[in-house]
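Dropping run_10.cif in here (mmCIF, C-alpha atoms and all ligand atoms):
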```
data_protein
loop_
_atom_site.label_atom_id
_atom_site.label_comp_id
_atom_site.auth_asym_id
_atom_site.auth_seq_id
_atom_site.Cartn_x
_atom_site.Cartn_y
_atom_site.Cartn_z
CA MET A 902 15.80 -17.73 -69.83
CA PRO A 903 14.53 -14.75 -67.82
CA GLU A 904 17.00 -12.11 -67.00
CA TYR A 905 17.88 -12.11 -63.31
CA ARG A 906 17.84 -8.72 -61.68
CA THR A 907 18.34 -7.91 -58.02
CA GLU A 908 15.93 -5.51 -56.40
CA PRO A 909 17.59 -2.19 -55.74
CA LEU A 910 18.49 -1.83 -52.06
CA ASN A 911 16.17 0.83 -50.73
CA VAL A 912 18.06 3.12 -48.38
CA PRO A 913 15.57 5.67 -47.08
CA TYR A 914 18.01 8.15 -45.61
CA VAL A 915 21.66 8.54 -46.28
CA SER A 916 24.16 8.87 -43.46
CA GLY A 917 21.58 9.40 -40.75
CA LEU A 918 20.17 12.63 -42.11
CA LEU A 919 16.42 12.82 -41.92
CA PRO A 920 14.36 14.50 -44.61
CA GLU A 921 13.43 17.97 -43.55
CA GLY A 922 9.76 17.19 -42.91
CA GLU A 923 10.55 14.18 -40.72
CA ARG A 924 13.16 16.12 -38.79
CA ASP A 925 10.71 18.95 -38.12
CA ARG A 926 8.06 16.46 -37.01
CA ARG A 927 10.43 14.84 -34.50
CA VAL A 928 11.66 18.16 -33.20
CA ALA A 929 8.06 19.22 -32.66
CA LEU A 930 7.35 16.01 -30.74
CA THR A 931 10.23 16.45 -28.33
CA SER A 932 10.34 20.22 -27.93
CA PHE A 933 8.44 22.62 -25.77
CA ARG A 934 7.20 19.83 -23.56
CA SER A 935 6.23 22.34 -20.87
CA ALA A 936 3.93 24.10 -23.33
CA VAL A 937 2.05 20.87 -23.99
CA PRO A 938 -0.75 20.39 -21.44
CA GLN A 939 0.21 17.88 -18.75
CA SER A 940 -1.24 14.42 -19.22
CA ARG A 941 -4.75 13.93 -17.91
CA VAL A 942 -4.03 10.45 -16.55
CA PRO A 943 -5.60 10.27 -13.08
CA THR A 944 -2.96 10.06 -10.38
CA ARG A 945 -2.93 9.46 -6.69
CA GLU A 946 -0.52 10.47 -4.00
CA VAL A 947 1.44 7.61 -2.49
CA GLU A 948 4.02 7.33 0.24
CA CYS A 949 7.13 5.42 -0.77
CA TYR A 950 7.58 2.45 1.55
CA GLU A 951 11.36 2.66 1.18
CA CYS A 952 12.09 6.35 1.81
CA GLY A 953 8.76 7.54 3.23
CA ARG A 954 8.45 10.48 0.83
CA ARG A 955 5.38 11.25 -1.22
CA SER A 956 4.90 11.29 -4.96
CA HIS A 957 2.11 11.05 -7.52
CA VAL A 958 1.64 7.91 -9.58
CA PRO A 959 -0.97 6.91 -12.18
CA THR A 960 -3.99 5.38 -10.47
CA SER A 961 -4.10 2.41 -12.83
CA ALA A 962 -0.38 1.54 -12.73
CA LEU A 963 0.66 -1.82 -11.26
CA SER A 964 4.10 -0.50 -10.38
CA ALA A 965 5.86 2.82 -10.41
CA GLY A 966 9.20 4.31 -9.56
CA CYS A 967 9.70 6.57 -6.57
CA VAL A 968 10.88 9.92 -7.91
CA HIS A 969 12.94 10.47 -4.75
CA CYS A 970 14.83 7.21 -4.12
CA HIS A 971 14.07 5.39 -7.42
CA ALA A 972 12.72 2.33 -5.63
CA THR A 973 10.33 0.26 -7.70
CA LEU A 974 6.97 0.53 -5.99
CA ASN A 975 4.58 -2.38 -6.29
CA MET A 976 0.98 -1.20 -6.46
CA GLU A 977 -0.87 -4.48 -6.75
CA ASP A 978 -3.44 -5.77 -4.30
CA VAL A 979 -2.24 -8.94 -2.59
CA GLU A 980 -4.22 -11.82 -1.15
CA LEU A 981 -2.54 -13.98 1.46
CA ASN A 982 -4.01 -17.45 1.82
CA VAL A 983 -3.14 -20.94 3.02
CA GLY A 984 -0.80 -21.44 0.06
CA THR A 985 1.19 -18.26 0.66
CA ARG A 986 4.93 -18.91 1.09
CA ASN A 987 6.34 -15.41 0.65
CA LEU A 988 5.88 -13.74 4.00
CA THR A 989 7.32 -10.38 2.98
CA VAL A 990 4.85 -8.06 1.23
CA ARG A 991 5.64 -4.53 0.05
CA THR A 992 2.85 -2.85 -1.86
CA LEU A 993 1.08 0.46 -2.13
CA GLY A 994 -2.06 -1.56 -2.74
CA ASN A 995 -4.21 -3.46 -0.28
CA VAL A 996 -3.60 -6.78 1.45
CA MET A 997 -6.33 -9.26 2.29
CA VAL A 998 -5.72 -12.28 4.50
CA ALA A 999 -8.22 -14.94 3.46
CA PRO A 1000 -10.36 -16.82 6.00
CA GLY A 1001 -8.69 -19.92 7.43
CA THR A 1002 -5.18 -18.60 6.77
CA VAL A 1003 -2.63 -18.83 9.59
CA LEU A 1004 0.62 -16.94 8.99
CA SER A 1005 3.34 -15.98 11.44
CA HIS A 1006 6.58 -14.03 10.92
CA LEU A 1007 4.85 -11.83 8.36
CA SER A 1008 6.44 -8.58 7.24
CA VAL A 1009 3.83 -6.42 5.54
CA VAL A 1010 3.85 -2.83 4.34
CA CYS A 1011 0.69 -1.82 2.50
CA ARG A 1012 -2.19 0.64 2.26
CA ASN A 1013 -5.22 -1.13 3.75
CA MET A 1014 -5.01 -4.60 5.30
CA THR A 1015 -8.04 -6.70 6.13
CA VAL A 1016 -7.41 -9.81 8.19
CA TYR A 1017 -9.93 -12.67 8.10
CA GLY A 1018 -7.34 -15.23 9.16
CA ARG A 1019 -4.76 -15.31 11.95
CA VAL A 1020 -1.55 -13.38 11.48
CA SER A 1021 1.55 -12.45 13.41
CA GLY A 1022 4.56 -10.34 12.49
CA ASN A 1023 5.44 -6.77 11.61
CA ILE A 1024 2.62 -4.85 9.96
CA ARG A 1025 2.57 -1.28 8.70
CA CYS A 1026 -0.51 0.17 6.96
CA THR A 1027 -0.54 3.69 5.61
CA GLN A 1028 -4.34 3.60 5.93
CA GLU A 1029 -6.52 1.08 7.71
CA LEU A 1030 -5.67 -2.19 9.45
CA SER A 1031 -8.80 -4.18 10.16
CA PHE A 1032 -9.09 -7.45 12.11
CA ARG A 1033 -12.25 -9.47 11.38
CA GLU A 1034 -11.00 -12.60 13.18
CA SER A 1035 -8.95 -13.27 16.29
CA SER A 1036 -5.17 -13.01 16.14
CA ARG A 1037 -2.18 -12.88 18.42
CA VAL A 1038 0.28 -10.48 16.80
CA GLU A 1039 3.88 -10.66 17.93
CA GLY A 1040 5.61 -7.83 16.12
CA GLU A 1041 5.58 -4.13 15.47
CA VAL A 1042 2.19 -2.83 14.32
CA ARG A 1043 1.59 0.61 12.87
CA ALA A 1044 -1.44 1.96 11.01
CA ARG A 1045 -3.26 5.18 10.43
CA ARG A 1046 -6.47 3.61 11.69
CA LEU A 1047 -6.96 0.33 13.55
CA VAL A 1048 -10.31 -1.45 13.56
CA ILE A 1049 -11.08 -4.48 15.73
CA ASP A 1050 -14.28 -6.02 14.47
CA ARG A 1051 -17.03 -7.22 16.81
CA ALA A 1052 -16.13 -10.90 16.28
CA ALA A 1053 -12.40 -10.46 16.81
CA GLU A 1054 -10.25 -10.93 19.91
CA VAL A 1055 -6.82 -9.55 19.18
CA VAL A 1056 -3.66 -9.53 21.28
CA MET A 1057 -0.71 -7.37 20.25
CA THR A 1058 2.24 -8.26 22.42
CA GLU A 1059 4.38 -5.32 21.29
CA GLY A 1060 1.62 -2.74 21.23
CA VAL A 1061 0.39 -0.67 18.32
CA SER A 1062 0.92 2.89 17.06
CA VAL A 1063 -1.99 4.52 15.27
CA ARG A 1064 -3.60 7.81 14.57
CA GLU A 1065 -6.99 6.49 15.65
CA ALA A 1066 -8.56 3.22 16.70
CA LEU A 1067 -12.02 1.70 16.84
CA VAL A 1068 -12.41 -1.31 19.14
CA GLU A 1069 -15.73 -3.11 18.65
CA GLY A 1070 -14.37 -6.52 19.67
CA LYS A 1071 -11.64 -7.27 22.20
CA LEU A 1072 -8.16 -5.82 22.05
CA ALA A 1073 -5.34 -6.45 24.50
CA ALA A 1074 -2.50 -4.10 23.61
CA ASP A 1075 -0.66 -0.98 24.61
CA VAL A 1076 -2.02 1.62 22.20
CA ARG A 1077 -0.27 4.83 21.23
CA ALA A 1078 -2.72 7.05 19.34
CA ALA A 1079 -2.13 10.58 18.09
CA GLY A 1080 -5.92 10.98 17.95
CA VAL A 1081 -8.92 9.29 19.51
CA ILE A 1082 -9.37 5.70 20.64
CA ARG A 1083 -13.02 4.71 20.49
CA VAL A 1084 -14.33 1.63 22.30
CA GLY A 1085 -17.68 0.50 20.91
CA ARG A 1086 -20.75 -0.82 22.74
CA GLU A 1087 -19.46 -4.39 23.01
CA GLY A 1088 -15.79 -3.52 22.84
CA VAL A 1089 -13.19 -4.29 25.48
CA LEU A 1090 -9.81 -2.59 25.42
CA ARG A 1091 -7.19 -3.84 27.84
CA GLY A 1092 -3.81 -2.16 28.07
CA ARG A 1093 -1.89 1.04 28.53
CA CYS A 1094 -3.21 3.78 26.29
CA ASP A 1095 -1.47 6.97 25.34
CA ALA A 1096 -4.02 8.88 23.27
CA ALA A 1097 -5.40 12.37 22.71
CA ASP A 1098 -8.70 10.99 23.99
CA ILE A 1099 -10.39 7.70 24.81
CA VAL A 1100 -14.12 7.51 24.16
CA VAL A 1101 -15.91 4.51 25.68
CA GLU A 1102 -19.45 4.05 24.48
CA PRO A 1103 -22.06 2.73 26.95
CA GLY A 1104 -21.54 -1.05 27.25
CA GLY A 1105 -17.90 -0.84 26.23
CA GLN A 1106 -14.97 -1.24 28.63
CA TYR A 1107 -11.54 0.24 28.93
CA ILE A 1108 -9.40 -1.66 31.43
CA PRO A 1109 -6.06 0.01 32.10
CA PRO A 1110 -3.28 -2.07 33.64
CA ARG A 1111 -3.07 -2.06 37.45
CA ASN A 1112 0.11 -0.52 38.72
ZN ZN B 1201 11.28 6.49 -2.20
#
```

Let me see the structure of the file written as structure tokens.
Amino acid sequence: MPEYRTEPLNVPYVSGLLPEGERDRRVALTSFRSAVPQSRVPTREVECYECGRRSHVPTSALSAGCVHCHATLNMEDVELNVGTRNLTVRTLGNVMVAPGTVLSHLSVVCRNMTVYGRVSGNIRCTQELSFRESSRVEGEVRARRLVIDRAAEVVMTEGVSVREALVEGKLAADVRAAGVIRVGREGVLRGRCDAADIVVEPGGQYIPPRN
């Protein structure tokens, strides 16, 4: 009968003490971080949609934390379509509204938003908001740049605040622009405009309200 022997229990380190070489290796990994060159991961500057402050996040990340308010920042691109049920979107990425989609009571904060469907609600874009189809927007609209495409007829009942706007289709809205509002050759802009300048190209029309 073979003799039965238990394997010796192999305890690598006693009482939490690391061998000298391992300890030195770990100390080297965690020390002098400032002397190590900063990571070369490409980053981009984003504006937190909760606190409005700016920070740098890795370009490829799908979410990140705001260094100021610690909010979790979604960075994914979002497509809204006929099946969309969640009408609140917060992302540092882009939002696309698919053709044929009709959504009201939206609440969107994003970077660029391109609308092929019909939407209504509160919309804030840190970059460009572009309408490719007709919509009647009842809600607060803010964007750095607003573009009304040639095929679009857009009504914004509560007006819009932008840095600049390009109207190549039809827009009925009160527009507050820190910069220039440009009305293209076939564009029609109807409403009260408070802008640094309004440029109407030949063939375009700007129709202020009659008082
Ligand atoms: Zn924040």

Can you tell me which residues surround Cys1011 in chain A at a distance of at most 6 Å, considering only C-alpha atoms, apart from same-chain residues fewer than 4 positions away, and format the answer as a PDB file with C-alpha atoms, in the coordinates of the input?
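Okay, this is what ended up in around_30.pdb:
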```pdb
ATOM      1  CA  THR A 992       2.850  -2.850  -1.860  1.00  0.00           C
ATOM      2  CA  LEU A 993       1.080   0.460  -2.130  1.00  0.00           C
ATOM      3  CA  GLY A 994      -2.060  -1.560  -2.740  1.00  0.00           C
ATOM      4  CA  ASN A 995      -4.210  -3.460  -0.280  1.00  0.00           C
ATOM      5  CA  CYS A1026      -0.510   0.170   6.960  1.00  0.00           C
TER       6      CYS A1026
END
```

Could you give me, as CSV, a per-residue list for chain A showing, wherever an atom lies at most 12 Å from an atom of ligand ZN 1201 (chain B), the closest pair of atoms and their distance in Å to one decimal, using all atoms listed in the file and sorting by chain then residue number from low to high?
```
residue,atom,partner,partner_atom,distance
A:Val947,CA,B:ZN1201,ZN,9.9
A:Glu948,CA,B:ZN1201,ZN,7.7
A:Cys949,CA,B:ZN1201,ZN,4.5
A:Tyr950,CA,B:ZN1201,ZN,6.6
A:Glu951,CA,B:ZN1201,ZN,5.1
A:Cys952,CA,B:ZN1201,ZN,4.1
A:Gly953,CA,B:ZN1201,ZN,6.1
A:Arg954,CA,B:ZN1201,ZN,5.8
A:Arg955,CA,B:ZN1201,ZN,7.6
A:Ser956,CA,B:ZN1201,ZN,8.4
A:His957,CA,B:ZN1201,ZN,11.5
A:Ala965,CA,B:ZN1201,ZN,10.5
A:Gly966,CA,B:ZN1201,ZN,8.0
A:Cys967,CA,B:ZN1201,ZN,4.6
A:Val968,CA,B:ZN1201,ZN,6.7
A:His969,CA,B:ZN1201,ZN,5.0
A:Cys970,CA,B:ZN1201,ZN,4.1
A:His971,CA,B:ZN1201,ZN,6.0
A:Ala972,CA,B:ZN1201,ZN,5.6
A:Thr973,CA,B:ZN1201,ZN,8.4
A:Leu974,CA,B:ZN1201,ZN,8.3
A:Asn975,CA,B:ZN1201,ZN,11.8
A:Leu993,CA,B:ZN1201,ZN,11.8
```

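For the point (-5.1, -17.6, 5.1), the residues with at least one atom inside 8 Å, counting all atoms listed in the file, are Leu981, Asn982, Val983, Gly984, Thr985, Val998, Ala999, Pro1000, Gly1001, Thr1002, Val1003, Leu1004, Tyr1017, Gly1018 and Arg1019 of chain A.
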
> Leaving out Gly1105 in chain A and any residue of its chain fewer than 5 positions from it, which residues lie within 8 Å of it when counting only C-alpha atoms, given as a list in words?
Replying inline: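 Close residues of Gly1105 in chain A: Val1084, Gly1085, Arg1086, Glu1087, Gly1088 and Val1089 of chain A.
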
> Got a sec: who's within 7 Å of range 1051-1055 of chain A, counting only C-alpha atoms, leaving out chain neighbours fewer than 4 positions off, as a PyMOL selection string?
Replying inline: chain A and resi 1032-1037+1069-1073

Written file, previous selection with C-alpha atoms, as a tab-separated table (two decimals), in the coordinates of the input:
```
chain	number	residue	atom	x	y	z
A	1032	PHE	CA	-9.09	-7.45	12.11
A	1033	ARG	CA	-12.25	-9.47	11.38
A	1034	GLU	CA	-11.00	-12.60	13.18
A	1035	SER	CA	-8.95	-13.27	16.29
A	1036	SER	CA	-5.17	-13.01	16.14
A	1037	ARG	CA	-2.18	-12.88	18.42
A	1069	GLU	CA	-15.73	-3.11	18.65
A	1070	GLY	CA	-14.37	-6.52	19.67
A	1071	LYS	CA	-11.64	-7.27	22.20
A	1072	LEU	CA	-8.16	-5.82	22.05
A	1073	ALA	CA	-5.34	-6.45	24.50
```

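Proximity to Val1016 in chain A was assessed for A:Pro920, A:Arg945, A:Leu988, A:Asp1050 counting only C-alpha atoms; the smallest distance is recorded for A:Asp1050.
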
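Take CA of Glu1065 in chain A and CA of Arg1012 in chain A: the distance between them is 15.4 Å.
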
>> So that I can check the surroundings of Pro1110 in chain A, please list as number ranges by chain every protein, DNA and RNA residue that reaches within 10 Å of it, counting all atoms listed in the file and ignoring chain neighbours fewer than 4 positions away.
In response: A: 1075, 1091-1094

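For the atom pair formed by CA of Asn1013 in chain A and CA of Gln1028 in chain A, the distance is 5.3 Å, given to one decimal.
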
> Within 8 Å of Leu1047 in chain A, counting all atoms listed in the file, which residues qualify if same-chain residues fewer than 3 places away don't, as a list of chain:residue names?
Replying inline: A:Glu1029, A:Leu1030, A:Ser1031, A:Ala1044, A:Val1063, A:Glu1065, A:Ala1066, A:Leu1067, A:Val1068

>> What does the structure give for the distance between CA of Val1009 in chain A and CA of Gly1060 in chain A, in Å to one decimal?
In response: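 Computing it gives 16.3 Å between the two atoms.
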
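Considering the residues A:Ser1062, A:Ser1005, A:Gln1106, A:Val1056 and counting all atoms listed in the file, Arg1025 in chain A has its shortest atom-to-atom contact with A:Ser1062.
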